[in-house]
Every structure is written in structure tokens, then in C-alpha cells.
file start.cif (mmCIF, N, CA, C and O atoms)
data_my_file
#
loop_
_atom_site.label_atom_id
_atom_site.label_comp_id
_atom_site.auth_asym_id
_atom_site.auth_seq_id
_atom_site.Cartn_x
_atom_site.Cartn_y
_atom_site.Cartn_z
N MET A 1 -141.65 23.78 144.44
CA MET A 1 -141.68 24.73 143.34
C MET A 1 -140.39 25.54 143.29
O MET A 1 -139.89 25.82 142.21
N ARG A 2 -139.86 25.90 144.48
CA ARG A 2 -138.62 26.68 144.50
C ARG A 2 -137.46 25.88 143.92
O ARG A 2 -136.58 26.44 143.29
N ASP A 3 -137.46 24.56 144.16
CA ASP A 3 -136.39 23.71 143.64
C ASP A 3 -136.39 23.67 142.12
O ASP A 3 -135.34 23.67 141.48
N ILE A 4 -137.57 23.62 141.54
CA ILE A 4 -137.67 23.58 140.08
C ILE A 4 -137.20 24.90 139.48
O ILE A 4 -136.46 24.91 138.49
N VAL A 5 -137.60 25.98 140.08
CA VAL A 5 -137.17 27.29 139.58
C VAL A 5 -135.67 27.43 139.68
O VAL A 5 -135.00 27.90 138.75
N LEU A 6 -135.10 27.01 140.78
CA LEU A 6 -133.66 27.07 140.97
C LEU A 6 -132.94 26.16 139.98
O LEU A 6 -131.92 26.53 139.39
N ALA A 7 -133.47 24.97 139.77
CA ALA A 7 -132.86 24.02 138.83
C ALA A 7 -132.91 24.55 137.40
O ALA A 7 -132.01 24.29 136.61
N LEU A 8 -133.95 25.27 137.04
CA LEU A 8 -134.06 25.82 135.70
C LEU A 8 -133.31 27.14 135.56
O LEU A 8 -132.95 27.54 134.45
N ALA A 9 -133.07 27.83 136.66
CA ALA A 9 -132.40 29.12 136.60
C ALA A 9 -130.92 28.97 136.26
O ALA A 9 -130.35 29.82 135.57
N VAL A 10 -130.29 27.91 136.72
CA VAL A 10 -128.85 27.72 136.48
C VAL A 10 -128.56 27.55 134.99
O VAL A 10 -127.72 28.25 134.43
N PRO A 11 -129.21 26.63 134.28
CA PRO A 11 -128.93 26.52 132.83
C PRO A 11 -129.32 27.79 132.07
O PRO A 11 -128.64 28.17 131.11
N LEU A 12 -130.37 28.44 132.51
CA LEU A 12 -130.76 29.69 131.86
C LEU A 12 -129.70 30.77 132.04
O LEU A 12 -129.37 31.49 131.10
N LEU A 13 -129.14 30.84 133.23
CA LEU A 13 -128.07 31.81 133.50
C LEU A 13 -126.83 31.50 132.67
O LEU A 13 -126.20 32.40 132.12
N ILE A 14 -126.46 30.23 132.56
CA ILE A 14 -125.31 29.84 131.75
C ILE A 14 -125.54 30.16 130.28
O ILE A 14 -124.66 30.70 129.60
N CYS A 15 -126.71 29.88 129.80
CA CYS A 15 -127.04 30.19 128.40
C CYS A 15 -127.04 31.70 128.15
O CYS A 15 -126.49 32.16 127.15
N ALA A 16 -127.59 32.46 129.07
CA ALA A 16 -127.63 33.91 128.91
C ALA A 16 -126.23 34.50 128.94
O ALA A 16 -125.91 35.43 128.18
N SER A 17 -125.36 33.99 129.81
CA SER A 17 -123.99 34.51 129.86
C SER A 17 -123.24 34.17 128.57
O SER A 17 -122.42 34.96 128.10
N GLY A 18 -123.51 33.01 127.99
CA GLY A 18 -122.88 32.65 126.72
C GLY A 18 -123.34 33.56 125.59
O GLY A 18 -122.54 33.98 124.76
N VAL A 19 -124.63 33.85 125.55
CA VAL A 19 -125.16 34.76 124.52
C VAL A 19 -124.56 36.15 124.71
O VAL A 19 -124.16 36.80 123.73
N TYR A 20 -124.46 36.60 125.96
CA TYR A 20 -123.87 37.92 126.24
C TYR A 20 -122.42 37.96 125.77
O TYR A 20 -121.98 38.93 125.15
N ALA A 21 -121.65 36.91 126.08
CA ALA A 21 -120.25 36.88 125.68
C ALA A 21 -120.10 36.89 124.16
O ALA A 21 -119.24 37.59 123.61
N ALA A 22 -120.94 36.12 123.47
CA ALA A 22 -120.88 36.07 122.01
C ALA A 22 -121.22 37.43 121.41
O ALA A 22 -120.56 37.90 120.47
N CYS A 23 -122.23 38.09 121.94
CA CYS A 23 -122.59 39.42 121.44
C CYS A 23 -121.51 40.44 121.74
O CYS A 23 -121.24 41.33 120.92
N ASP A 24 -120.87 40.33 122.90
CA ASP A 24 -119.80 41.25 123.26
C ASP A 24 -118.62 41.10 122.31
O ASP A 24 -118.04 42.09 121.85
N VAL A 25 -118.24 39.86 122.00
CA VAL A 25 -117.14 39.62 121.06
C VAL A 25 -117.50 40.16 119.68
O VAL A 25 -116.68 40.81 119.01
N TRP A 26 -118.71 39.91 119.23
CA TRP A 26 -119.14 40.41 117.93
C TRP A 26 -119.10 41.93 117.90
O TRP A 26 -118.62 42.52 116.93
N TRP A 27 -119.56 42.58 118.95
CA TRP A 27 -119.59 44.04 119.01
C TRP A 27 -118.18 44.61 118.98
O TRP A 27 -117.89 45.57 118.28
N ARG A 28 -117.25 44.01 119.74
CA ARG A 28 -115.88 44.51 119.77
C ARG A 28 -115.18 44.31 118.43
O ARG A 28 -114.43 45.15 117.99
N ARG A 29 -115.42 43.17 117.81
CA ARG A 29 -114.79 42.93 116.50
C ARG A 29 -115.34 43.87 115.45
O ARG A 29 -114.63 44.27 114.53
N LEU A 30 -116.60 44.20 115.55
CA LEU A 30 -117.22 45.11 114.60
C LEU A 30 -116.61 46.50 114.70
O LEU A 30 -116.43 47.19 113.70
N ARG A 31 -116.28 46.94 115.93
CA ARG A 31 -115.77 48.28 116.17
C ARG A 31 -114.25 48.38 116.07
O ARG A 31 -113.71 49.46 115.98
N ALA A 32 -113.54 47.25 116.11
CA ALA A 32 -112.07 47.27 116.09
C ALA A 32 -111.57 47.59 114.68
O ALA A 32 -112.19 47.18 113.69
N PRO A 33 -110.45 48.32 114.58
CA PRO A 33 -109.90 48.58 113.25
C PRO A 33 -109.32 47.30 112.65
O PRO A 33 -108.85 46.42 113.37
N ASP A 34 -109.37 47.21 111.34
CA ASP A 34 -108.82 46.06 110.64
C ASP A 34 -107.30 46.04 110.82
O ASP A 34 -106.63 47.04 110.55
N PRO A 35 -106.71 44.93 111.29
CA PRO A 35 -105.27 44.92 111.53
C PRO A 35 -104.44 45.08 110.26
O PRO A 35 -103.27 45.44 110.32
N ARG A 36 -105.04 44.85 109.10
CA ARG A 36 -104.31 45.01 107.85
C ARG A 36 -104.37 46.42 107.32
O ARG A 36 -103.67 46.77 106.38
N SER A 37 -105.20 47.27 107.92
CA SER A 37 -105.33 48.64 107.44
C SER A 37 -104.26 49.52 108.09
O SER A 37 -103.59 49.13 109.04
N HIS A 38 -104.12 50.71 107.57
CA HIS A 38 -103.14 51.65 108.12
C HIS A 38 -103.47 52.00 109.57
O HIS A 38 -102.58 52.04 110.42
N ALA A 39 -104.74 52.22 109.86
CA ALA A 39 -105.13 52.56 111.23
C ALA A 39 -104.87 51.39 112.18
O ALA A 39 -104.43 51.59 113.31
N GLY A 40 -105.12 50.17 111.73
CA GLY A 40 -104.87 49.00 112.57
C GLY A 40 -103.40 48.82 112.87
O GLY A 40 -103.02 48.50 114.00
N ARG A 41 -102.55 49.04 111.86
CA ARG A 41 -101.10 48.94 112.09
C ARG A 41 -100.63 50.04 113.02
O ARG A 41 -99.76 49.82 113.87
N ARG A 42 -101.20 51.24 112.90
CA ARG A 42 -100.81 52.34 113.78
C ARG A 42 -101.20 52.05 115.22
O ARG A 42 -100.40 52.26 116.14
N VAL A 43 -102.40 51.52 115.42
CA VAL A 43 -102.84 51.17 116.78
C VAL A 43 -101.95 50.09 117.36
O VAL A 43 -101.54 50.16 118.53
N ALA A 44 -101.61 49.08 116.56
CA ALA A 44 -100.75 47.99 117.04
C ALA A 44 -99.36 48.52 117.37
O ALA A 44 -98.76 48.11 118.37
N ALA A 45 -98.83 49.44 116.58
CA ALA A 45 -97.51 50.00 116.85
C ALA A 45 -97.53 50.85 118.12
O ALA A 45 -96.60 50.77 118.94
N GLU A 46 -98.57 51.64 118.30
CA GLU A 46 -98.67 52.44 119.52
C GLU A 46 -98.77 51.55 120.76
O GLU A 46 -98.16 51.83 121.79
N ARG A 47 -99.51 50.47 120.65
CA ARG A 47 -99.64 49.53 121.77
C ARG A 47 -98.30 48.86 122.07
O ARG A 47 -97.93 48.69 123.24
N ALA A 48 -97.54 48.50 121.02
CA ALA A 48 -96.24 47.87 121.22
C ALA A 48 -95.26 48.84 121.88
O ALA A 48 -94.50 48.46 122.77
N VAL A 49 -95.28 50.10 121.46
CA VAL A 49 -94.40 51.10 122.07
C VAL A 49 -94.78 51.33 123.53
O VAL A 49 -93.90 51.41 124.41
N ALA A 50 -96.04 51.39 123.83
CA ALA A 50 -96.49 51.58 125.22
C ALA A 50 -96.07 50.39 126.08
O ALA A 50 -95.62 50.57 127.22
N ASP A 51 -96.19 49.18 125.55
CA ASP A 51 -95.76 47.98 126.30
C ASP A 51 -94.25 48.01 126.55
O ASP A 51 -93.79 47.71 127.65
N ALA A 52 -93.49 48.39 125.54
CA ALA A 52 -92.03 48.46 125.69
C ALA A 52 -91.64 49.52 126.71
O ALA A 52 -90.74 49.31 127.53
N GLU A 53 -92.30 50.67 126.67
CA GLU A 53 -92.00 51.72 127.65
C GLU A 53 -92.31 51.26 129.07
O GLU A 53 -91.56 51.55 130.00
N ALA A 54 -93.40 50.53 129.24
CA ALA A 54 -93.75 50.02 130.57
C ALA A 54 -92.71 49.02 131.06
O ALA A 54 -92.32 49.03 132.23
N ILE A 55 -92.23 48.15 130.17
CA ILE A 55 -91.21 47.17 130.55
C ILE A 55 -89.93 47.87 130.96
O ILE A 55 -89.32 47.54 131.98
N VAL A 56 -89.49 48.85 130.16
CA VAL A 56 -88.26 49.57 130.48
C VAL A 56 -88.40 50.33 131.79
O VAL A 56 -87.49 50.32 132.63
N ALA A 57 -89.52 50.96 132.03
CA ALA A 57 -89.73 51.70 133.27
C ALA A 57 -89.69 50.76 134.47
O ALA A 57 -89.10 51.08 135.51
N ASP A 58 -90.30 49.58 134.34
CA ASP A 58 -90.26 48.60 135.43
C ASP A 58 -88.84 48.13 135.70
O ASP A 58 -88.42 48.01 136.86
N ARG A 59 -88.07 47.88 134.66
CA ARG A 59 -86.69 47.40 134.84
C ARG A 59 -85.82 48.48 135.49
O ARG A 59 -84.99 48.17 136.32
N TYR A 60 -86.01 49.74 135.09
CA TYR A 60 -85.24 50.82 135.72
C TYR A 60 -85.62 50.97 137.19
O TYR A 60 -84.75 51.24 138.02
N ALA A 61 -86.87 50.78 137.53
CA ALA A 61 -87.28 50.86 138.93
C ALA A 61 -86.65 49.73 139.73
O ALA A 61 -86.18 49.95 140.86
N ILE A 62 -86.60 48.53 139.16
CA ILE A 62 -85.97 47.40 139.85
C ILE A 62 -84.48 47.66 140.01
O ILE A 62 -83.89 47.41 141.08
N LEU A 63 -83.83 48.19 138.97
CA LEU A 63 -82.40 48.49 139.04
C LEU A 63 -82.11 49.57 140.08
O LEU A 63 -81.15 49.45 140.86
N ALA A 64 -82.93 50.59 140.13
CA ALA A 64 -82.73 51.66 141.11
C ALA A 64 -82.89 51.14 142.53
O ALA A 64 -82.12 51.50 143.43
N GLU A 65 -83.87 50.27 142.74
CA GLU A 65 -84.06 49.67 144.06
C GLU A 65 -82.87 48.80 144.45
O GLU A 65 -82.42 48.82 145.59
N ALA A 66 -82.35 48.04 143.49
CA ALA A 66 -81.19 47.19 143.77
C ALA A 66 -79.97 48.05 144.10
O ALA A 66 -79.18 47.70 144.99
N GLU A 67 -79.79 49.16 143.40
CA GLU A 67 -78.65 50.05 143.69
C GLU A 67 -78.80 50.68 145.07
O GLU A 67 -77.81 50.82 145.79
N ARG A 68 -80.00 51.07 145.44
CA ARG A 68 -80.22 51.64 146.77
C ARG A 68 -79.94 50.60 147.86
O ARG A 68 -79.33 50.91 148.87
N SER A 69 -80.37 49.37 147.62
CA SER A 69 -80.12 48.30 148.59
C SER A 69 -78.65 48.01 148.72
O SER A 69 -78.12 47.81 149.81
N ALA A 70 -77.94 47.98 147.59
CA ALA A 70 -76.50 47.70 147.61
C ALA A 70 -75.76 48.83 148.32
O ALA A 70 -74.83 48.58 149.08
N ALA A 71 -76.15 50.07 148.09
CA ALA A 71 -75.49 51.20 148.75
C ALA A 71 -75.78 51.19 150.24
O ALA A 71 -74.90 51.50 151.07
N ARG A 72 -76.99 50.82 150.61
CA ARG A 72 -77.36 50.81 152.01
C ARG A 72 -76.62 49.69 152.76
O ARG A 72 -76.10 49.90 153.84
N PHE A 73 -76.57 48.48 152.18
CA PHE A 73 -75.94 47.36 152.86
C PHE A 73 -74.43 47.33 152.63
O PHE A 73 -73.71 46.73 153.41
N GLY A 74 -73.96 47.95 151.57
CA GLY A 74 -72.52 47.94 151.28
C GLY A 74 -71.73 48.81 152.23
O GLY A 74 -70.58 48.52 152.54
N GLY A 75 -72.32 49.86 152.76
CA GLY A 75 -71.60 50.77 153.65
C GLY A 75 -71.64 50.33 155.09
O GLY A 75 -71.04 50.97 155.94
N GLN A 76 -72.27 49.22 155.45
CA GLN A 76 -72.40 48.80 156.84
C GLN A 76 -71.45 47.67 157.21
O GLN A 76 -71.69 46.96 158.15
N ARG A 77 -70.37 47.50 156.51
CA ARG A 77 -69.45 46.39 156.81
C ARG A 77 -68.65 46.64 158.00
O ARG A 77 -68.24 47.37 158.63
#
call {"tool": "encode", "arguments": {"input": "start.cif", "output": "C-alpha cells"}}
result
Amino acid sequence: MRDIVLALAVPLLICASGVYAACDVWWRRLRAPDPRSHAGRRVAAERAVADAEAIVADRYAILAEAERSAARFGGQR
């Protein structure tokens, strides 16, 4: 009996996770602003600026680390 329950539980779990994922996507799309609207364009622009700021901050951190390494190893000749 336990084998049958286990064998039926796996497809049921897969089906339930698929239904959950479909409902989650539907819910998020329902609540998301329309990308063609003013609010949607504003949200997309803010997200693009935040991504660009993160990239620039990461690059400056890498550059600062490289400069510190060069100064540390350059003076030990």
C-alpha cells in the first residue's frame, strides 16, 4: 500500500507544482505595470539605472583593488 501511495504522490506533486507555478505567473503578470504605460517605462528606467550603478560600482571596486595590489607589489622590487 505504501508503494502505491508513493507512486501516486510523485505525479501529484509534479502536477501541483505546475499549477502553483502557472498561478504565480498569472498573479505577477496581473499586478505588474504595463510596459507600454508611463509607469511601466518609469519602472524599467529605474531598474536600468540601478543595474548600471551596480556595474559601475563593481568596476570601481575591482580597479581600486588592482591599484592597491600594484602599489603593494610595485614597491617591493
call {"tool": "axis_aligned_box", "arguments": {"input": "start.cif", "around": "region 32-48 of chain A", "padding_each_side": "3 Å", "output": "lines of an AutoDock Vina configuration file"}}
result
center_x = -104.0
center_y = 48.7
center_z = 114.8
size_x = 25.0
size_y = 13.7
size_z = 22.9
call {"tool": "atom_distance", "arguments": {"input": "start.cif", "atom1": "CA of Gly74 (chain A)", "atom2": "CA of Ile55 (chain A)"}}
result
27.9 Å
call {"tool": "atom_distance", "arguments": {"input": "start.cif", "atom1": "CA of Ala48 (chain A)", "atom2": "CA of Arg36 (chain A)"}}
result
15.9 Å
call {"tool": "atom_distance", "arguments": {"input": "start.cif", "atom1": "atom O of Leu30 (chain A)", "atom2": "CA of Val43 (chain A)"}}
result
14.5 Å
